[in-house]
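Structure data follow from data16.tsv (TSV, C-alpha atoms):
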```tsv
chain	number	residue	atom	x	y	z
A	1	MET	CA	120.00	-144.76	-66.22
A	2	PRO	CA	122.15	-145.33	-69.32
A	3	THR	CA	125.84	-144.59	-69.17
A	4	LEU	CA	126.57	-141.15	-70.54
A	5	GLY	CA	129.65	-140.19	-72.54
A	6	ASN	CA	128.24	-140.73	-76.03
A	7	PRO	CA	126.21	-138.38	-78.25
A	8	THR	CA	122.99	-140.45	-78.19
A	9	SER	CA	122.68	-140.64	-74.38
A	10	THR	CA	123.72	-137.01	-73.95
A	11	ILE	CA	121.11	-135.75	-76.45
A	12	ALA	CA	118.44	-137.92	-74.79
A	13	VAL	CA	119.16	-136.35	-71.38
A	14	LEU	CA	119.22	-132.82	-72.78
A	15	GLN	CA	115.89	-133.37	-74.55
A	16	LYS	CA	114.28	-135.01	-71.52
A	17	TYR	CA	115.00	-131.94	-69.42
A	18	ASN	CA	114.67	-129.42	-72.26
A	19	PHE	CA	118.12	-128.19	-71.28
A	20	ASN	CA	119.70	-125.16	-72.93
A	21	PHE	CA	123.44	-124.61	-72.70
A	22	GLN	CA	124.43	-121.58	-70.63
A	23	LYS	CA	127.19	-119.64	-72.32
A	24	LYS	CA	127.97	-117.79	-69.07
A	25	TYR	CA	128.93	-121.11	-67.45
A	26	GLY	CA	131.09	-122.28	-70.36
A	27	GLN	CA	129.22	-125.58	-70.66
A	28	ASN	CA	130.72	-128.20	-73.00
A	29	PHE	CA	129.85	-131.83	-72.25
A	30	LEU	CA	132.17	-134.73	-73.12
A	31	ILE	CA	130.79	-137.26	-75.58
A	32	ASP	CA	133.74	-139.66	-75.91
A	33	THR	CA	133.98	-142.67	-73.59
A	34	ASN	CA	137.66	-143.28	-74.39
A	35	ILE	CA	138.57	-139.78	-73.19
A	36	LEU	CA	136.55	-140.30	-70.00
A	37	GLU	CA	138.35	-143.57	-69.27
A	38	ASN	CA	141.70	-141.90	-69.95
A	39	ILE	CA	140.91	-139.10	-67.48
A	40	ILE	CA	140.08	-141.61	-64.72
A	41	SER	CA	143.32	-143.43	-65.51
A	42	ALA	CA	145.38	-140.19	-65.53
A	43	ALA	CA	143.92	-139.17	-62.17
A	44	GLU	CA	144.71	-142.66	-60.79
A	45	VAL	CA	141.33	-142.85	-59.06
A	46	THR	CA	140.98	-145.87	-56.77
A	47	LYS	CA	138.40	-147.24	-54.33
A	48	HIS	CA	140.37	-145.57	-51.52
A	49	ASP	CA	139.85	-142.08	-52.92
A	50	CYS	CA	137.53	-139.21	-52.15
A	51	VAL	CA	137.20	-137.18	-55.35
A	52	LEU	CA	135.96	-133.61	-55.73
A	53	GLU	CA	134.51	-132.97	-59.17
A	54	ILE	CA	134.08	-129.35	-60.24
A	55	GLY	CA	131.32	-128.70	-62.77
A	56	PRO	CA	129.82	-132.17	-63.29
A	57	GLY	CA	127.35	-130.89	-65.90
A	58	ILE	CA	124.86	-133.71	-66.59
A	59	GLY	CA	127.00	-136.24	-64.69
A	60	THR	CA	128.95	-137.73	-67.61
A	61	MET	CA	132.32	-137.99	-65.87
A	62	THR	CA	130.66	-138.28	-62.46
A	63	GLN	CA	129.32	-141.72	-63.40
A	64	TYR	CA	132.85	-142.89	-64.20
A	65	LEU	CA	134.18	-141.39	-60.97
A	66	CYS	CA	131.46	-143.11	-58.92
A	67	GLU	CA	132.40	-146.45	-60.49
A	68	ASN	CA	136.06	-146.02	-59.54
A	69	ALA	CA	136.21	-143.93	-56.32
A	70	ARG	CA	135.06	-144.55	-52.77
A	71	GLU	CA	133.34	-141.17	-52.47
A	72	VAL	CA	132.54	-138.40	-54.96
A	73	VAL	CA	131.49	-134.84	-54.20
A	74	ALA	CA	130.22	-132.98	-57.28
A	75	VAL	CA	129.93	-129.18	-57.08
A	76	GLU	CA	127.71	-127.65	-59.79
A	77	ILE	CA	126.91	-123.93	-60.07
A	78	ASP	CA	123.93	-124.25	-62.47
A	79	LYS	CA	120.80	-125.00	-60.44
A	80	LYS	CA	119.00	-126.20	-63.60
A	81	LEU	CA	121.41	-129.15	-63.71
A	82	ILE	CA	120.69	-130.37	-60.17
A	83	PRO	CA	117.52	-132.37	-61.10
A	84	VAL	CA	119.40	-133.78	-64.10
A	85	LEU	CA	122.27	-134.93	-61.86
A	86	GLU	CA	119.86	-136.41	-59.33
A	87	ASP	CA	118.45	-138.48	-62.19
A	88	THR	CA	121.68	-139.51	-63.99
A	89	LEU	CA	123.41	-140.36	-60.69
A	90	SER	CA	120.40	-142.04	-59.02
A	91	GLY	CA	122.06	-145.44	-59.30
A	92	TYR	CA	125.00	-144.45	-57.08
A	93	ASP	CA	125.06	-144.15	-53.30
A	94	ASN	CA	128.62	-142.78	-53.09
A	95	VAL	CA	127.99	-139.32	-54.54
A	96	THR	CA	127.01	-135.98	-52.98
A	97	ILE	CA	125.74	-133.18	-55.24
A	98	ILE	CA	126.28	-129.59	-54.08
A	99	ASN	CA	124.70	-126.63	-55.89
A	100	GLU	CA	127.31	-123.94	-55.27
A	101	ASP	CA	129.96	-121.77	-56.89
A	102	ILE	CA	133.24	-123.65	-56.36
A	103	LEU	CA	135.01	-120.35	-55.64
A	104	LYS	CA	132.73	-119.91	-52.61
A	105	THR	CA	132.66	-123.56	-51.48
A	106	ASP	CA	134.36	-124.61	-48.22
A	107	ILE	CA	136.42	-127.47	-49.66
A	108	ASN	CA	138.28	-127.97	-46.39
A	109	ALA	CA	134.94	-128.79	-44.76
A	110	ILE	CA	134.21	-131.30	-47.53
A	111	ALA	CA	137.59	-132.98	-46.99
A	112	ASP	CA	136.96	-133.10	-43.23
A	113	GLU	CA	133.47	-134.57	-43.58
A	114	LYS	CA	134.07	-137.00	-46.44
A	115	ASN	CA	137.74	-137.93	-46.03
A	116	ASP	CA	138.67	-137.28	-42.37
A	117	GLY	CA	140.71	-134.26	-43.46
A	118	LYS	CA	143.04	-136.41	-45.57
A	119	PRO	CA	144.08	-135.24	-49.06
A	120	ILE	CA	141.41	-135.53	-51.73
A	121	LYS	CA	141.81	-135.77	-55.50
A	122	VAL	CA	140.28	-133.08	-57.71
A	123	VAL	CA	139.03	-134.03	-61.17
A	124	ALA	CA	137.28	-131.58	-63.48
A	125	ASN	CA	136.41	-130.49	-66.98
A	126	LEU	CA	136.92	-126.78	-66.26
A	127	PRO	CA	135.14	-123.94	-68.07
A	128	TYR	CA	137.80	-122.02	-70.00
A	129	TYR	CA	136.81	-118.60	-68.66
A	130	ILE	CA	137.44	-119.47	-65.01
A	131	THR	CA	140.24	-122.05	-65.14
A	132	THR	CA	142.94	-119.90	-63.52
A	133	PRO	CA	140.87	-118.58	-60.56
A	134	ILE	CA	139.72	-122.12	-59.72
A	135	ILE	CA	143.20	-123.67	-59.83
A	136	MET	CA	144.76	-120.77	-57.92
A	137	GLY	CA	141.98	-120.90	-55.32
A	138	LEU	CA	142.61	-124.60	-54.73
A	139	PHE	CA	146.32	-124.01	-54.18
A	140	GLU	CA	146.23	-120.74	-52.24
A	141	ASN	CA	143.54	-121.86	-49.80
A	142	ASN	CA	145.66	-124.78	-48.60
A	143	ILE	CA	143.09	-127.38	-49.56
A	144	PRO	CA	144.27	-130.86	-48.49
A	145	MET	CA	144.67	-132.49	-51.88
A	146	GLU	CA	146.91	-135.00	-53.54
A	147	SER	CA	146.42	-133.93	-57.14
A	148	ILE	CA	144.32	-131.93	-59.59
A	149	THR	CA	143.55	-133.63	-62.91
A	150	VAL	CA	141.76	-131.17	-65.16
A	151	MET	CA	140.64	-130.69	-68.71
A	152	VAL	CA	141.54	-127.18	-69.79
A	153	GLN	CA	142.14	-125.23	-72.98
A	154	LYS	CA	145.20	-126.75	-74.67
A	155	GLU	CA	147.03	-123.42	-74.63
A	156	VAL	CA	146.48	-123.09	-70.85
A	157	ALA	CA	147.79	-126.61	-70.24
A	158	GLN	CA	150.95	-125.73	-72.16
A	159	ARG	CA	151.29	-122.50	-70.19
A	160	MET	CA	151.37	-124.42	-66.92
A	161	GLN	CA	154.57	-126.28	-67.68
A	162	VAL	CA	156.76	-123.89	-69.72
A	163	GLY	CA	159.86	-122.06	-68.51
A	164	PRO	CA	161.34	-118.56	-68.92
A	165	GLY	CA	161.78	-116.94	-72.31
A	166	THR	CA	158.73	-118.49	-73.99
A	167	LYS	CA	155.64	-116.53	-74.98
A	168	ASP	CA	153.37	-118.80	-72.89
A	169	TYR	CA	155.44	-118.30	-69.72
A	170	GLY	CA	153.65	-116.19	-67.15
A	171	ALA	CA	152.19	-115.87	-63.67
A	172	LEU	CA	150.15	-119.09	-64.07
A	173	SER	CA	153.28	-121.07	-65.06
A	174	LEU	CA	155.13	-119.89	-61.96
A	175	ALA	CA	152.23	-120.42	-59.57
A	176	VAL	CA	151.47	-123.94	-60.80
A	177	GLN	CA	155.16	-124.93	-60.69
A	178	TYR	CA	155.54	-123.49	-57.19
A	179	TYR	CA	152.67	-125.54	-55.77
A	180	ALA	CA	152.72	-128.64	-57.99
A	181	GLU	CA	154.48	-130.77	-60.56
A	182	PRO	CA	152.55	-130.26	-63.81
A	183	ARG	CA	152.32	-132.93	-66.47
A	184	LEU	CA	150.38	-132.69	-69.73
A	185	MET	CA	148.72	-136.10	-70.06
A	186	PHE	CA	147.01	-135.94	-73.48
A	187	THR	CA	145.19	-133.59	-75.82
A	188	VAL	CA	141.47	-133.72	-76.57
A	189	PRO	CA	140.09	-132.62	-79.97
A	190	SER	CA	137.19	-130.16	-79.96
A	191	GLY	CA	134.97	-132.78	-81.63
A	192	CYS	CA	134.82	-134.74	-78.35
A	193	PHE	CA	132.45	-132.14	-76.86
A	194	MET	CA	128.86	-131.01	-77.21
A	195	PRO	CA	128.54	-128.21	-78.11
A	196	ARG	CA	131.86	-128.18	-79.92
A	197	PRO	CA	134.26	-125.48	-78.61
A	198	ASN	CA	136.41	-123.40	-80.95
A	199	VAL	CA	139.70	-124.78	-79.65
A	200	ASP	CA	141.22	-128.11	-78.61
A	201	SER	CA	141.61	-129.07	-74.96
A	202	ALA	CA	144.17	-130.99	-72.95
A	203	VAL	CA	144.17	-132.95	-69.72
A	204	VAL	CA	146.86	-131.85	-67.30
A	205	LYS	CA	147.72	-133.45	-63.97
A	206	LEU	CA	149.07	-131.25	-61.18
A	207	THR	CA	150.60	-133.35	-58.42
A	208	ARG	CA	150.79	-131.32	-55.21
A	209	ARG	CA	154.33	-130.79	-53.93
A	210	LYS	CA	155.03	-131.68	-50.31
A	211	GLU	CA	157.38	-128.68	-50.12
A	212	PRO	CA	157.74	-125.73	-52.52
A	213	PRO	CA	160.85	-125.97	-54.74
A	214	VAL	CA	162.13	-122.59	-53.54
A	215	ALA	CA	162.50	-120.98	-50.11
A	216	VAL	CA	160.52	-117.74	-49.93
A	217	LYS	CA	159.89	-115.60	-46.85
A	218	ASP	CA	156.51	-114.26	-47.94
A	219	GLU	CA	154.54	-116.24	-50.53
A	220	LYS	CA	151.88	-113.57	-51.06
A	221	PHE	CA	154.49	-110.85	-51.60
A	222	MET	CA	156.36	-112.99	-54.14
A	223	PHE	CA	153.17	-113.57	-56.13
A	224	ARG	CA	152.36	-109.85	-56.06
A	225	ILE	CA	155.78	-109.28	-57.64
A	226	ILE	CA	155.18	-112.04	-60.19
A	227	ARG	CA	151.75	-110.68	-61.15
A	228	ALA	CA	153.14	-107.16	-61.51
A	229	ALA	CA	156.02	-108.46	-63.67
A	230	PHE	CA	153.61	-110.03	-66.16
A	231	ASN	CA	150.84	-107.42	-66.07
A	232	GLN	CA	153.06	-105.29	-68.30
A	233	ARG	CA	155.29	-108.00	-69.70
A	234	ARG	CA	156.78	-105.87	-72.50
A	235	LYS	CA	158.17	-103.40	-69.97
A	236	THR	CA	161.36	-103.84	-68.00
A	237	LEU	CA	160.97	-105.46	-64.61
A	238	ILE	CA	162.03	-102.21	-62.92
A	239	ASN	CA	159.22	-100.27	-64.62
A	240	SER	CA	156.62	-103.03	-64.13
A	241	LEU	CA	157.26	-103.24	-60.38
A	242	ASN	CA	157.48	-99.47	-60.00
A	243	ASN	CA	154.08	-99.07	-61.74
A	244	ALA	CA	152.35	-101.68	-59.55
A	245	PHE	CA	150.01	-99.81	-57.19
A	246	ASP	CA	149.99	-102.59	-54.57
A	247	LEU	CA	153.78	-102.82	-54.19
A	248	SER	CA	155.10	-99.26	-53.63
A	249	LEU	CA	158.58	-100.16	-54.84
A	250	SER	CA	160.97	-97.47	-56.07
A	251	LYS	CA	163.04	-97.96	-59.22
A	252	ASP	CA	166.21	-97.57	-57.15
A	253	ASP	CA	165.18	-100.35	-54.76
A	254	VAL	CA	164.35	-102.74	-57.58
A	255	SER	CA	167.52	-101.81	-59.48
A	256	SER	CA	169.67	-102.46	-56.39
A	257	ALA	CA	168.00	-105.82	-55.78
A	258	LEU	CA	168.55	-106.88	-59.41
A	259	GLU	CA	172.17	-105.72	-59.31
A	260	SER	CA	172.80	-107.78	-56.17
A	261	MET	CA	171.55	-110.81	-58.10
A	262	GLY	CA	173.82	-110.10	-61.05
A	263	LEU	CA	170.89	-109.20	-63.34
A	264	LEU	CA	170.87	-106.35	-65.85
A	265	PRO	CA	168.62	-103.32	-65.15
A	266	ASN	CA	166.79	-103.75	-68.49
A	267	ILE	CA	165.72	-107.36	-67.82
A	268	ARG	CA	162.05	-108.27	-68.24
A	269	GLY	CA	160.03	-110.44	-65.88
A	270	GLU	CA	159.60	-113.16	-68.50
A	271	ALA	CA	163.36	-113.87	-68.29
A	272	LEU	CA	163.37	-114.73	-64.56
A	273	THR	CA	163.10	-118.25	-63.20
A	274	LEU	CA	160.99	-119.15	-60.17
A	275	GLU	CA	164.21	-119.30	-58.11
A	276	GLN	CA	165.10	-115.75	-59.20
A	277	PHE	CA	161.63	-114.43	-58.37
A	278	ALA	CA	161.96	-116.01	-54.91
A	279	GLU	CA	165.38	-114.42	-54.42
A	280	LEU	CA	164.14	-111.03	-55.63
A	281	SER	CA	161.12	-111.27	-53.32
A	282	ASN	CA	163.33	-112.14	-50.35
A	283	ASN	CA	165.72	-109.28	-51.15
A	284	MET	CA	162.89	-106.75	-51.51
A	285	SER	CA	160.99	-107.93	-48.46
A	286	ASN	CA	164.07	-107.38	-46.31
A	287	GLY	CA	163.77	-103.72	-47.10
A	288	ILE	CA	160.03	-103.10	-47.00
A	289	LEU	CA	158.23	-105.64	-44.80
```
Give the structure from this file in structure tokens form.
Amino acid sequence: MPTLGNPTSTIAVLQKYNFNFQKKYGQNFLIDTNILENIISAAEVTKHDCVLEIGPGIGTMTQYLCENAREVVAVEIDKKLIPVLEDTLSGYDNVTIINEDILKTDINAIADEKNDGKPIKVVANLPYYITTPIIMGLFENNIPMESITVMVQKEVAQRMQVGPGTKDYGALSLAVQYYAEPRLMFTVPSGCFMPRPNVDSAVVKLTRRKEPPVAVKDEKFMFRIIRAAFNQRRKTLINSLNNAFDLSLSKDDVSSALESMGLLPNIRGEALTLEQFAELSNNMSNGIL
């Protein structure tokens, strides 16, 4: 099977299987070998690694992963791509193809079976529409993993590493920075894909932290506060938290907690650091949990 990652080989595979792109799956296949090599390099894939690839498509990046990793597990939701993958990856004996929705896949079981429960590396070209749920699911479900190296919409990559007071700062920024150290590796022009998306992409590497950077009594409660703070980001934090149906916090309680932290009552959530959200969560949980 020819190496994929260029327009000619990709078109040949698509024509062979009469494949039609599924908009609902956000399918955009890479057609630039330099970008593929750079992703492998950014992820620091070695022959010791077990790699989980999310959304392998026709197997373009999977081929590169198989060449560089000890073991690859590729999870693809589109059943029409399974025979394609079985063909394009037929030359490799170190790959397992799973036809499942990654959000419903037991990744812990994969790590146990393929890597003796040791941390795996995640590498993916993620569909734009489901980037955040996938990344949050990987972190929140305590998957044993060393790093996540993903291609995402450029704007989302920027959002992962910004701080308070910027328009891109939000719940995703705080969650990623709580669980990992984000680093934007390089940008990828839209012309490197087939079909061509409307926006540029970027590869970001999220290295899993051994310990969170802040001490918080109840992680889930803190993230409920963070989500509420950004759901209505133009409102004051007091009003945002008071309006959140899953928190049941009174304005007086929130106001008292902010005052104890030396923060003004008209402050918005976008002005708080991760440390301040942790402190606010700890203060509030003392009173209601």
Nearest to Leu172 (chain A) among A:Ile135, A:Leu206, A:Met145, A:Phe193, with distances taken over all atoms listed in the file: which residue is it?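 Answer, going by the shortest atom-to-atom distance: A:Ile135.
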So which residues fall inside 12 Å of (121.2, -145.0, -58.6) if we count all atoms listed in the file? Mind giving them as a compact mmCIF listing (two decimals) with C-alpha atoms, keeping the file's coordinate frame?
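Okay, this is what ended up in point-v1.txt:
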```txt
# COMPACT_ATOMS: atom_id res chain seq x y z
CA MET A 1 120.00 -144.76 -66.22
CA PRO A 2 122.15 -145.33 -69.32
CA THR A 3 125.84 -144.59 -69.17
CA GLN A 63 129.32 -141.72 -63.40
CA CYS A 66 131.46 -143.11 -58.92
CA GLU A 67 132.40 -146.45 -60.49
CA LEU A 85 122.27 -134.93 -61.86
CA GLU A 86 119.86 -136.41 -59.33
CA ASP A 87 118.45 -138.48 -62.19
CA THR A 88 121.68 -139.51 -63.99
CA LEU A 89 123.41 -140.36 -60.69
CA SER A 90 120.40 -142.04 -59.02
CA GLY A 91 122.06 -145.44 -59.30
CA TYR A 92 125.00 -144.45 -57.08
CA ASP A 93 125.06 -144.15 -53.30
CA ASN A 94 128.62 -142.78 -53.09
CA VAL A 95 127.99 -139.32 -54.54
```
For the contact check between region 134-223 of chain A and region 245-248 of chain A, emit one row per residue of region 134-223 of chain A within 12 Å, containing the shortest atom pair and the distance in Å rounded to one decimal, counting all atoms listed in the file, chain then rising number order, as CSV.
```
residue,atom,partner,partner_atom,distance
A:Lys220,CA,A:Leu247,CA,11.4
A:Phe221,CA,A:Leu247,CA,8.5
A:Met222,CA,A:Leu247,CA,10.5
A:Phe223,CA,A:Leu247,CA,10.9
```
Here is a test: counting only C-alpha atoms, which residue of A:Arg227, A:Lys104, A:Lys80, A:Arg208 is nearest to Lys121 (chain A)?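 The closest residue to Lys121 (chain A) is A:Arg208.
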Under the rule that all atoms listed in the file are counted, which of A:Gly262, A:Pro83, A:Pro197, A:Gly5 is the nearest residue to Tyr128 (chain A)?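 Under the stated criterion, the closest residue is A:Pro197.
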For Gly165 (chain A), which residue out of A:Gly269, A:Gly59, A:Pro119, A:Pro7 is the nearest one, using all atoms listed in the file?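 Among the listed residues, the smallest separation from Gly165 (chain A) belongs to A:Gly269.
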One decimal, Å: what's the distance from CA of Ala171 (chain A) over to CA of Phe230 (chain A), could you say?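 Taking CA of Ala171 (chain A) and CA of Phe230 (chain A), their separation equals 6.5 Å.
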Distance of CA of Asp32 (chain A) from CA of Cys192 (chain A), expressed in Å to one decimal place: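 Rounded to one decimal, the two atoms are 5.6 Å apart.
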Sorted by chain and rising residue number, list the residues of region 81-187 of chain A at most 9 Å from region 42-45 of chain A (counting only C-alpha atoms), each with its closest atom pair and distance in Å to one decimal, as JSON lines.
```
{"residue": "A:Lys121", "atom": "CA", "partner": "A:Ala43", "partner_atom": "CA", "distance": 7.8}
{"residue": "A:Val122", "atom": "CA", "partner": "A:Ala43", "partner_atom": "CA", "distance": 8.4}
{"residue": "A:Val123", "atom": "CA", "partner": "A:Ala43", "partner_atom": "CA", "distance": 7.2}
{"residue": "A:Ser147", "atom": "CA", "partner": "A:Ala43", "partner_atom": "CA", "distance": 7.7}
{"residue": "A:Ile148", "atom": "CA", "partner": "A:Ala43", "partner_atom": "CA", "distance": 7.7}
{"residue": "A:Thr149", "atom": "CA", "partner": "A:Ala43", "partner_atom": "CA", "distance": 5.6}
{"residue": "A:Val150", "atom": "CA", "partner": "A:Ala43", "partner_atom": "CA", "distance": 8.8}
{"residue": "A:Met185", "atom": "CA", "partner": "A:Ala42", "partner_atom": "CA", "distance": 7.0}
```
Saved selection, atoms kept: C-alpha atoms, as a short mmCIF file (atom, residue, chain, number, x, y, z; two decimals), in the coordinates of the input:
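The resulting out.cif:
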```cif
data_model
loop_
_atom_site.label_atom_id
_atom_site.label_comp_id
_atom_site.auth_asym_id
_atom_site.auth_seq_id
_atom_site.Cartn_x
_atom_site.Cartn_y
_atom_site.Cartn_z
CA LYS A 121 141.81 -135.77 -55.50
CA VAL A 122 140.28 -133.08 -57.71
CA VAL A 123 139.03 -134.03 -61.17
CA SER A 147 146.42 -133.93 -57.14
CA ILE A 148 144.32 -131.93 -59.59
CA THR A 149 143.55 -133.63 -62.91
CA VAL A 150 141.76 -131.17 -65.16
CA MET A 185 148.72 -136.10 -70.06
#
```
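Note that CA of Ile134 (chain A) and CA of Glu113 (chain A) are 21.3 Å apart.
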